[in-house]
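Below is one structure, written out as structure tokens, with a few remarks after it.
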Amino acid sequence: MRKFKIPIVAVLVAAMIVLPGCSSKRAGVVVYASEDQVFSEPILRDFERDTGIPVKPVFDTEEAKSTGVMNRLLAEKNNPQADVYWANEPIRAEVLKQENVAAAYQSPGAEGIPAHFKDPQGYWTGFSARARVLLVNNSVAEKPKSITAYSDPAFSGKTVIANPLFGTTTTEIAALFILWGDEKAKTFLSDMKRNHVKISTSNGESADFVASGESALSLVDSDDGANRIKQGKPVEIIYPDQGDNESGCFIVPNAVVLIKDGPHPEAAKRLIDYLLSAETERKLAASDAAQIPLHEGVETPAIVRKIENIKTMQADYAAVARKMREIEPLLKQWAGL
Amino acid sequence: MNTRRVTLCAALLVLLILGVAPIALMFARSLSVNGAFSLESYQHLLATGRSWQLLSNSLGLAMITAVICTLVGLPLGLLFAKTDLPLRRVFVLLFTLPLVIPPYIMAVSWSDTLAPHGLASSFFGPATTQKLSGLLFGSPGCVLVLASTFMPAVMLATMTFTRTINPRLEEAARLSARALRVLGGITIPLIWPGVLLAATLVFLLALGEFGVPTFLRYQVFAVESFTQFTASYNFGAATAAAVPLALLTFLLLGIEWFALREKIQPLRPASESDSNYHVSLRSYRVPLFALVSILCAIVVLTPVLSLLLQGGSTQSYLRAFRVVSDSLMRSIFLAAIGATALTALGFFTGYLIHTRGLSIWRAVDAGTVLLFALPGTVIGMGLITLWNRPATNFIYATPLIIVFGYLAQYTALTGRVTVAGLTLVPASMEEAAATVGANWMRRLGLIVLPLVKHALVAGWLIAYIFCLRDTGIAMLVYPPGYDTLPVRIFTLMANGAPSLIAAACMLMIAATVLPLLGVAALVRTQRRRRLWR
């Protein structure tokens with residue numbers, strides 16, 4: 001018996017390692033999520049409870065700037081492990097479409113969501129959005145109304161913006177390049193720099209700078225602003241460029257993607273329908289995510305403005321995705337990275 | 001072919017499949033654009049004009065970190081191993097703590113400490129704290145975080161290697177020289193190869209680190225590689241950006257081989273009894289105690305206390321345990337499996353290198369060190385490229401892939417510790433056994449393994465720490481629903497409650513320290529039993 005001891009232990013250990021993974025391949029639905037785990041996990045648990053379909057999630061990390069699972073999806077393209085990608089903005093979803101990783105699916109849940117928040121062919125569908133807002137410290141007497149406040153000498157040395165190489169800041173700058181044209185956008189970036197804008201590591205850090213009074217204002221995601229207000233910080237959220245002749249506020253919806261040739265397509269479609277429902281949007285609006293429902297008429301807390309009450313920038317997210325890749329060297333240079 | 005050669009070739013094959021093949025695939029990918037051969041990734045890297053700046057920053061950061069770790073870790077190791085400094089065992093434990101925490105978390109902790117309402121502002125006031133916070137973001141901050149995190153490696157190596165010195169040499173010197181002169185003239189030169197080994201390790205760790213420089217906004221090649229992954233999804237360019245790290249690693253290995261060539265040290269195996277040469281500090285005892293306490297307070301207690309305080313009440317810790325217990329158990333299990341596999345593979349690669357068992361022993365050494373120095377993201381992407389196929393789903397879709405990643409990146413650790421252990425075993429012992437007809441397996445089991453068991457235990461513990469704190473590989477390849485604790489901490493860092501994150505970090509420290517204390521208690525019990533007999 002003694003001589004079999006080591007092989008038996010080795011087999012048991014191997015089984016303990018391998019079996020959990022094997023079972024995850026057989027049943028349920030595999031979702032890769034760039035949306036923060038603290039917000040997405042409760043929704044996925046509710047889906048499990050309501051449908052009985054087990055969910056195997058892979059969440060993104062802050063360290064990887066929420067691009068870890070995106071890289072993984074691209075690397076796994078030839079043998080997809082994921083069924084669904086829950087992106088926290090539509091650009092990555094658009095990149096997946098361009099890279100032939102996404103499959104088209106017109107979900108019944110997408111009805112009622114405005115057309116410019118969806119891919120026309122159904123490769124991705126937007127839901128529960130963040131708005132790019134100006135977070136302004138209460139000590140600022142005359143509140144800015146436009147993102148051009150960054151180039152206003154009155155705010156010289158008092159503004160902060162998240163690293164433009166990552167996340168929603170990159171997306172918004174790319175959208176501005178499309179909206180304004182390259183020359184005007186480049187001038188704006190130069191003016192910002194001349195106005196001594198500070199670069200932070202994330203929107204959350206920018207919001208903290210404004211909350212502490214270290215900076216007067218910053219472009220942040222609306223959830224960052226809402227959280228600082230909930231924490232009782234002396235800040236105000238301003239939806240920029242809401243005037244008649246102004247461009248409107250840039251909206252960043254979550255986006256859900258059906259992965260092409262994923263292992264569990266039927267369960268994946270049920271999860272997508274669930275995520276796109278008005279009920280999920282209501283939950284995400286009521287949670288700390290403070291996200292704006294894209295279905296009209298969904299009940300929201302007072303701190304979350306309804307989409308019908310916001311003048312939104314009409315962005316073509318596919319064009320923004322292409323522009324982002326184009327301006328990346330410029331942004332690197334601008335940020336000194 | 002004899003058993004020895006077959007076994008060493010098998011170890012080499014494992015290393016080639018798990019470590020070299022994924023990197024070779026990534027390298028091949030960096031040489032192709034749209035399926036055709038192209039040097040575009042490298043041309044782009046050289047054309048940007050930033051390469052020299054990145055090279056200078058990478059080299060500077062790694063060198064300064066290694067030098068500071070050596071200048072601080074060596075004296076501390078000597079103080080704790082060779083003197084009667086009060087509370088030295090407590091200090092060893094405290095100074096080791098930063099090594100078990102992922103450096104990125106240390107950077108975040110320092111940032112929180114120096115934030116406008118952080119721990120530092122209540123001591124120094126907002127104005128000074130703001131200045132310190134300004135210094136944190138940039139090269140000084142990177143050096144502070146990396147040096148305080150990696151310094152224990154040099155300290156522990158110093159302590160381990162001082163136990164291998166024959167005390168008679170120091171005692172003989174002590175007859176005609178002062179204690180300080182004995183340390184400088186006998187002890188330090190004898191332990192220098194071990195210290196250099198640890199300094200090399202620190203240099204490589206600092207060179208491949210991307211989390212801290214990214215967070216503290218300091219441009220190095222590891223960040224460039226990471227940015228190519230994250231901002232551009234350009235795997236080829238990301239790999240190309242890691243190639244200078246490989247070149248720097250080879251340069252370092254060349255220097256190391258030159259510095260240590262043909263050095264034979266009069267060492268002895270680590271003693272079972274505590275018969276080491278000790279120095280009495282006398283009047284220096286109190287001042288040195290104060291100095292070490294201040295250093296400990298600044299580089300260890302400040303960031304760790306910041307985490308502990310943020311963790312909050314016992315309820316917070318219980319809540320954190322409930323949230324992360326699955327990941328914690330998985331991490332401990334995988335780290336234990338990984339450390340065991342690494343100890344086995346490290347033993348054979350170390351044996352191969354030490355005995356020059358195959359003609360390519362130098363390439364094996366260089367290869368394992370190179371894999372250790374590469375950013376985890378590059379290895380992770382290589383593992384996906386190699387193993388994510390329908391035929392190998394039983395590996396890729398299971399936690400085995402994480403263990404494979406550990407073996408790919410960390411074999412250098414256990415391999416080199418084995419080499420250090422084997423240098424203490426006289427070759428004549430194995431030769432004598434061979435003369436009387438003992439086959440290789442028998443010699444290995446009855447002579448070599450018992451004599452290097454201390455090195456193997458040390459290697460297992462080091463491997464356990466590195467597997468437990470790994471994020472670079474785990475976050476890219478962990479199977480769905482099977483995350484590890486560091487990955488869970490990082491995913492919670494995005495908008496998770498700071499108290500939950502801090503409490504999870506403290507649980508991770510406990511998960512690392514408890515097995516170390518367990519092994520220490522076991523060793524002590526065995527020693528007592530032996531003395532009793």
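Going through the structure tokens in order, the chains are called A, B, and so on, while each chain numbers its residues from 1 and the ligands are numbered from 1 in the order shown.
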So that I can check the surroundings of range 500-510 of chain B, please list as a ChimeraX atom specification every protein, DNA and RNA residue that reaches within 10 Å of it, counting only C-alpha atoms and ignoring chain neighbours fewer than 4 positions away.
/B:97-102,105-106,109,304-314,316-321,323-325,328,331-332,465,468-469,485-486,488-496,514-516
Fewer than 4 positions away in the same chain doesn't count, so skip those; otherwise give me all residues within 7 Å of Pro213 in chain B, counting only C-alpha atoms, as a PDB file with C-alpha atoms, in the first residue's frame.
ATOM      1  CA  CYS B 142       8.498  54.002  -6.745  1.00  0.00           C
ATOM      2  CA  ARG B 217       3.084  57.426 -12.962  1.00  0.00           C
ATOM      3  CA  TYR B 218       6.718  56.575 -13.654  1.00  0.00           C
ATOM      4  CA  GLN B 219       7.614  55.438 -17.134  1.00  0.00           C
ATOM      5  CA  VAL B 223       4.655  50.026 -17.979  1.00  0.00           C
TER       6      VAL B 223
END
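Every protein, DNA or RNA residue with an atom at most 8 Å from Gln81 in chain A, where only C-alpha atoms count and chain neighbours fewer than 6 positions away do not, is listed here: Val30, Gly262 and Pro263 of chain A; Ala397 of chain B.
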Running DSSP on the backbone, which parts of range 154-300 of chain A land in alpha helix (DSSP H), as a ChimeraX atom specification?
/A:167-180,182-194,203-212,222-230,265-275,278-286
For the atom pair CA of Thr312 in chain A and CA of Gly248 in chain A, what is the interatomic distance in Å to one decimal place?
4.6 Å
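For Ser202 in chain A, the residues within 7 Å (counting only C-alpha atoms, excluding itself and residues fewer than 3 positions away along the chain) are Ala162, Asn163, Glu205 and Ser206 of chain A.
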For Asn203 in chain A: contacts at 10 Å, only C-alpha atoms, fewer than 3 positions along chain excluded, given as a list in words
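What passes the distance filter is Val160, Ile161, Ala162, Asn163, Gly167, Thr168, Thr169, Ile199, Ser200, Ser206, Ala207, Asp208, Phe209, Ser218, Leu219, Val220, Asp221, Ser222, Asp223, Asp224 and Gly225 of chain A.
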Near chain A, meaning an atom within 9 Å, which residues of chain B appear when counting only C-alpha atoms? Write them as a PyMOL selection string.
chain B and resi 104+116-117+211+214-219+224+226-227+229-233+235+334+337+381+384-385+388-390+393-400+475-483+487-497
Neighbour list for Ser287 in chain A as a ChimeraX atom specification, cut-off 10 Å, only C-alpha atoms, skip fewer than 2 positions in-chain:
/A:38-39,42,223,281-285,289-291,300-301
Write out the residues from the selection above, keeping N, CA and C atoms, as a tab-separated table (two decimals), in the first residue's frame.
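Produced file part_14.tsv, reproduced below:
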chain	number	residue	atom	x	y	z
A	38	VAL	N	-18.29	45.07	-7.57
A	38	VAL	CA	-19.24	45.40	-6.50
A	38	VAL	C	-20.62	45.75	-7.06
A	39	PHE	N	-20.68	46.19	-8.31
A	39	PHE	CA	-21.97	46.53	-8.91
A	39	PHE	C	-22.55	45.36	-9.73
A	42	PRO	N	-23.92	41.54	-7.67
A	42	PRO	CA	-25.28	41.35	-7.15
A	42	PRO	C	-26.31	41.08	-8.25
A	223	ASP	N	-21.24	58.41	-11.64
A	223	ASP	CA	-21.28	57.61	-10.41
A	223	ASP	C	-20.24	58.07	-9.41
A	281	GLU	N	-31.96	47.79	-14.91
A	281	GLU	CA	-31.58	49.21	-14.94
A	281	GLU	C	-32.02	49.92	-13.65
A	282	ARG	N	-33.19	49.53	-13.16
A	282	ARG	CA	-33.67	50.15	-11.92
A	282	ARG	C	-32.73	49.81	-10.75
A	283	LYS	N	-32.32	48.54	-10.71
A	283	LYS	CA	-31.42	48.12	-9.62
A	283	LYS	C	-30.07	48.86	-9.70
A	284	LEU	N	-29.56	49.00	-10.91
A	284	LEU	CA	-28.26	49.68	-11.06
A	284	LEU	C	-28.37	51.17	-10.75
A	285	ALA	N	-29.55	51.74	-10.99
A	285	ALA	CA	-29.75	53.16	-10.64
A	285	ALA	C	-29.84	53.32	-9.12
A	289	ALA	N	-23.83	52.28	-7.83
A	289	ALA	CA	-23.38	52.56	-9.20
A	289	ALA	C	-24.06	53.81	-9.74
A	290	ALA	N	-25.24	54.13	-9.23
A	290	ALA	CA	-25.98	55.35	-9.59
A	290	ALA	C	-26.03	55.54	-11.10
A	291	GLN	N	-26.37	54.47	-11.83
A	291	GLN	CA	-26.33	54.56	-13.29
A	291	GLN	C	-27.69	54.98	-13.87
A	300	THR	N	-35.94	56.17	-10.59
A	300	THR	CA	-34.55	56.39	-10.17
A	300	THR	C	-34.52	57.20	-8.88
A	301	PRO	N	-33.47	57.08	-8.08
A	301	PRO	CA	-33.35	57.95	-6.91
A	301	PRO	C	-33.10	59.40	-7.35
Mind pulling up the distance from CA of Leu190 in chain B to CA of Phe372 in chain B?
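These atoms are spaced 26.4 Å apart.
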What's the 12 Å shell around Arg29 in chain B, counting only C-alpha atoms, without same-chain residues fewer than 2 positions away, as a VMD selection string?
(chain A and resid 75) or (chain B and resid 22 to 27 31 to 42 234 to 240 378 381 to 382 385 to 386)
Please, what distance in Å, to one decimal, runs between CA of Arg305 in chain A and CA of Ser146 in chain A?
17.9 Å
I need the strand (DSSP E or B) residues of range 79-301 of chain A per DSSP on the backbone, written as a PyMOL selection string.
chain A and resi 84-87+102-103+118+125-137+159-162+198-200+217-221+235-238+249+251-259+292
Would you please work out which residue, of B:Ala242, B:Ala344, B:Ala157, B:Ala336, is nearest to Leu8 in chain B when using only C-alpha atoms?
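For Leu8 in chain B, the nearest of the given residues is B:Ala344.
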